[in-house]
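Below is one structure, written out as structure tokens, with a few remarks after it.
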Amino acid sequence: MDKSVFALEDVYFSYLGKFPALCGITMQVQKGSRVAVIGANGTGKSTLLSLLDGLSFPDRGTLYAFGEQLSERMAGDDDFWRLFRRKVGFVFQNPDIQLFCPSVREDIVFGPLQMGVSPAEINKRLESLCAVFGIAGLLERQPHQLSIGEKKKVAIASVLAIEPEVLLLDEPTAGLDPQTSREIVDILFKEHEKGTTIVTATHDLHIIEEIADAVHVIGGQKRIIRSGPAEQVLADQAFLQENNLIHTHSHRHKDTVHTHPHTHCDHHQPR
Amino acid sequence: MRNNSSRFIERSITGALSFLRNSVFADDIALQKGYLQARDPRIRAAGIGVLLLAVLFARSALFLSSAYLLCLLLAAASSIHTMFFLKRTWLFIPAFAFFIAIPALFNFFTPGEPLISLGHGVSITEQGLHGAVIFFTRVLTSVSLAVLLSLTTRHSVLLRVLRIFKIPQVFVMTLGMSYRYIYLFIETVQNTFTAIKSRVGHVSSVRKGQRAVAWNIASLWLRSYQLQNQIFSAMLSRGYTGEALILYEFRAGAKDFFWLGVTIAVFVFGLWTNRYLH
Ligand SMILES: Nc1ncnc2c1ncn2[C@@H]1O[C@H](COP(=O)(O)OP(=O)(O)O)[C@@H](O)[C@H]1O
Ligand SMILES: [Mg+2]
């Protein structure tokens, strides 16, 4: 139990009690592991991450984080949440939501400031994040003056500034060019080497093998329909097609011809 | 011809939105070097507060006009372009004061000795004119002072200063959230506008736009309200506790206290003019 970061048992969640978003999710996330949650649009990935981040609570079923059950009853426990917020960082799908300060600099220091990290330490983190993400020149910009790739980098930097033990990422590479995707994947790889637990929601199959060891596939019924090592899940092309995960991709690749023939799963099969 | 005028509407709406966003939300002037920017934010705010009190208590038109001149000098000394400053203060806010002040000119609101008779028993009275001038310069100067403070102080710093002055957290938090909300609302309007444009080419009439996209105030409010909720979650997620915090410590020096001293002197002088200058 003590190595498990998250443990979900038959979790249900619906918006406003009438729009079901998760229907019976059971999964575990071990400390130091890398997990990907994949599924087509609207299968509940973002909802799942917001539950893991304690921003909403299950309607039914149980969700344990660090051995404590997250539920409405925990809502008033300030000490717990202070610790929880320091341990868990969440990069939202939409960087316009994530970046709520008037400048990039203020966004990056927001988390650690709220958590009472000393100014000297915050400045140290700011400096090293600027170097890692190459965003030193953007610090005084307003977030809306950034390109989508820059926004995403700043969003991730603003969460890494907290130095979380667990990183939740919602579609970290959606809509980015290959170069920027690459940089982000590399940064996540280094984070994992430091021992950070990483949970990523995505439908970008390109990056899965590099950012995850275990994969959970959420189906149209909004529950997990397959779990396993990344390689194994990615190999079952018929299954992925059936669940709307490679259909759109193969379309796109036909346009740009042959650079990635068929799907990414093909590369993996010969191994 | 029609086409030209609709392009004009389109351009002026987008222009107005950008202007609003840039003038209300930009922190760039606060980052520049200048007299007010160099003052400790707490004392900068306190000094402006003292000047504001002086203006509110003053009853001399001469004093009020001089105080306004002082605002212009301060703006110039704080790398704010005079035209920009005038636009901000004259066009935006005190327009309303003008409309309140005009009726007071006339004798049915402020009876007195006729200065200019307009016939039919209506005339501009001396007392009325004097009152209107006082009122107008007072509003103009107060607004200018507020604009000076907000232009030369970063938004996050301003919130922090309010907390240091013991303004309750809930007010400061509400202020901060409102600021984000207005920002979001402008952005939502802008995005909706772009969406309309991309579907109908250009916006010739509100009705035509309405048909293309759900363009109505209710849906805009709703959308920005939902975004606001999501933003609040994002803030919570990064440990937001409602406190306004900034990275560096404020530090006050002799120059800052000199500034405060000057503003207090102006305040005292203002009270003196009430007695001896009329
Ligand atoms: N604020 C909301 N109100 C009502 N329904 C919502 C809301 N957000 C998401 N949903 C619904 O919940 C389901 C899961 O959404 P989401 O978690 O965003 O999926 P994903 O991230 O996998 O695309 C969808 O059917 C969606 O329509
Ligand atoms: Mg999503």
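Just remember, in the structure tokens the first chain shown is A, the second B, etc., residues are 1-based per chain, and ligands are 1-based in the order shown.
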>> Using only C-alpha atoms and a distance of at most 9 Å, pull out the residues of chain B that contact chain A, as a PyMOL selection string.
In response: chain B and resi 25-28+31+154-156+180+227-228+230-248
> Please, which residues have at least one atom within 7 Å of an atom of ligand 2, using only C-alpha atoms and all ligand atoms, listed as number ranges by chain?
Replying inline: A: 41-42, 44-46, 93, 170
>> Which residues are near region 59-62 of chain B? Cut-off 7 Å, only C-alpha atoms, ignore same chain within fewer than 2 positions. Put them as a ChimeraX atom specification.
In response: /B:57,64-66,133-134,273-274,277-278
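For the choices A:Ile224, A:Ala21, A:Val104, A:Ile218, the atom-to-atom distance to ligand 1 is smallest for A:Ala21 when using only C-alpha atoms and all ligand atoms.
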> Counting only C-alpha atoms, which of A:Gln30, A:Gly67, A:Val5, A:Thr200 gets nearest to Leu168 (chain A)?
Replying inline: A:Thr200
>> Just to confirm, what's the straight-line distance from CA of His206 (chain A) to CA of Leu52 (chain A) in Å (one decimal)?
In response: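 Computed distance, CA of His206 (chain A) to CA of Leu52 (chain A), equals 24.4 Å.
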> So which residues of region 36-254 of chain A fall under strand (DSSP E) by DSSP, listed as a count of residues only?
Replying inline: 37
>> When you look at region 69-78 of chain B with a cut-off of 9 Å (counting only C-alpha atoms), what residues show up, excluding the ones that are within fewer than 3 positions of it in the same chain? I need them as a PyMOL selection string.
In response: chain B and resi 29-30+32-38+64-66+81-82+85-86+141+144-145+148+152
Write the selection just made, keeping C-alpha atoms, as a PDB file, in the first residue's frame?
ATOM      1  CA  ILE B  29       4.706  50.970 -18.064  1.00  0.00           C
ATOM      2  CA  ALA B  30       5.109  49.602 -14.543  1.00  0.00           C
ATOM      3  CA  GLN B  32       9.844  51.035 -17.102  1.00  0.00           C
ATOM      4  CA  LYS B  33      12.193  53.329 -15.242  1.00  0.00           C
ATOM      5  CA  GLY B  34      10.611  56.454 -13.883  1.00  0.00           C
ATOM      6  CA  TYR B  35      10.075  58.538 -10.796  1.00  0.00           C
ATOM      7  CA  LEU B  36       7.006  56.750  -9.450  1.00  0.00           C
ATOM      8  CA  GLN B  37       8.214  53.298 -10.490  1.00  0.00           C
ATOM      9  CA  ALA B  38      11.361  53.866  -8.449  1.00  0.00           C
ATOM     10  CA  LEU B  64      -7.260  71.652  -7.910  1.00  0.00           C
ATOM     11  CA  SER B  65      -5.900  72.800 -11.262  1.00  0.00           C
ATOM     12  CA  SER B  66      -2.388  72.906  -9.827  1.00  0.00           C
ATOM     13  CA  HIS B  81       3.493  59.542 -22.745  1.00  0.00           C
ATOM     14  CA  THR B  82       1.391  62.595 -22.075  1.00  0.00           C
ATOM     15  CA  PHE B  85      -2.110  59.562 -20.169  1.00  0.00           C
ATOM     16  CA  LEU B  86      -4.591  62.165 -21.380  1.00  0.00           C
ATOM     17  CA  THR B 141      -7.556  64.949 -10.758  1.00  0.00           C
ATOM     18  CA  SER B 144      -5.648  60.923 -12.922  1.00  0.00           C
ATOM     19  CA  LEU B 145      -4.148  59.963  -9.582  1.00  0.00           C
ATOM     20  CA  LEU B 148      -1.062  57.075 -12.239  1.00  0.00           C
ATOM     21  CA  THR B 152       3.091  52.527 -12.493  1.00  0.00           C
TER      22      THR B 152
END
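Between ligand 1 and the residues A:Asp79, A:Glu171, A:Asp186, A:Glu9, the shortest atom-to-atom distance, using only C-alpha atoms and all ligand atoms, involves A:Glu171.
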> Could you work out how far CA of Glu163 (chain A) lies from CA of Phe133 (chain A), giving the answer in Å with one decimal?
Replying inline: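 Calculated distance between CA of Phe133 (chain A) and CA of Glu163 (chain A) is 15.0 Å.
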Write out as a tab-separated table (two decimals) with all heavy atoms, in the first residue's frame the residues lying within 7 Å of Gly270 (chain B), counting only C-alpha atoms and excluding same-chain residues fewer than 5 positions away.
chain	number	residue	atom	x	y	z
B	54	ALA	N	-6.19	65.12	-0.38
B	54	ALA	CA	-6.04	66.56	-0.57
B	54	ALA	C	-7.04	67.05	-1.61
B	54	ALA	O	-7.71	68.07	-1.42
B	54	ALA	CB	-4.62	66.88	-1.01
B	58	ALA	N	-10.21	69.66	-1.05
B	58	ALA	CA	-9.94	71.01	-1.56
B	58	ALA	C	-11.21	71.66	-2.11
B	58	ALA	O	-12.05	71.00	-2.72
B	58	ALA	CB	-8.87	70.95	-2.64
B	63	PHE	N	-6.18	75.53	-6.62
B	63	PHE	CA	-5.43	74.42	-6.05
B	63	PHE	C	-5.67	73.13	-6.84
B	63	PHE	O	-4.74	72.38	-7.15
B	63	PHE	CB	-5.83	74.19	-4.58
B	63	PHE	CG	-5.19	72.96	-3.99
B	63	PHE	CD1	-3.87	72.99	-3.57
B	63	PHE	CD2	-5.91	71.78	-3.90
B	63	PHE	CE1	-3.29	71.85	-3.04
B	63	PHE	CE2	-5.32	70.63	-3.38
B	63	PHE	CZ	-4.00	70.66	-2.96
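Considering the residues A:Arg226, A:Arg105, A:Lys153, A:His203 and counting only C-alpha atoms and all ligand atoms, ligand 1 has its shortest atom-to-atom contact with A:His203.
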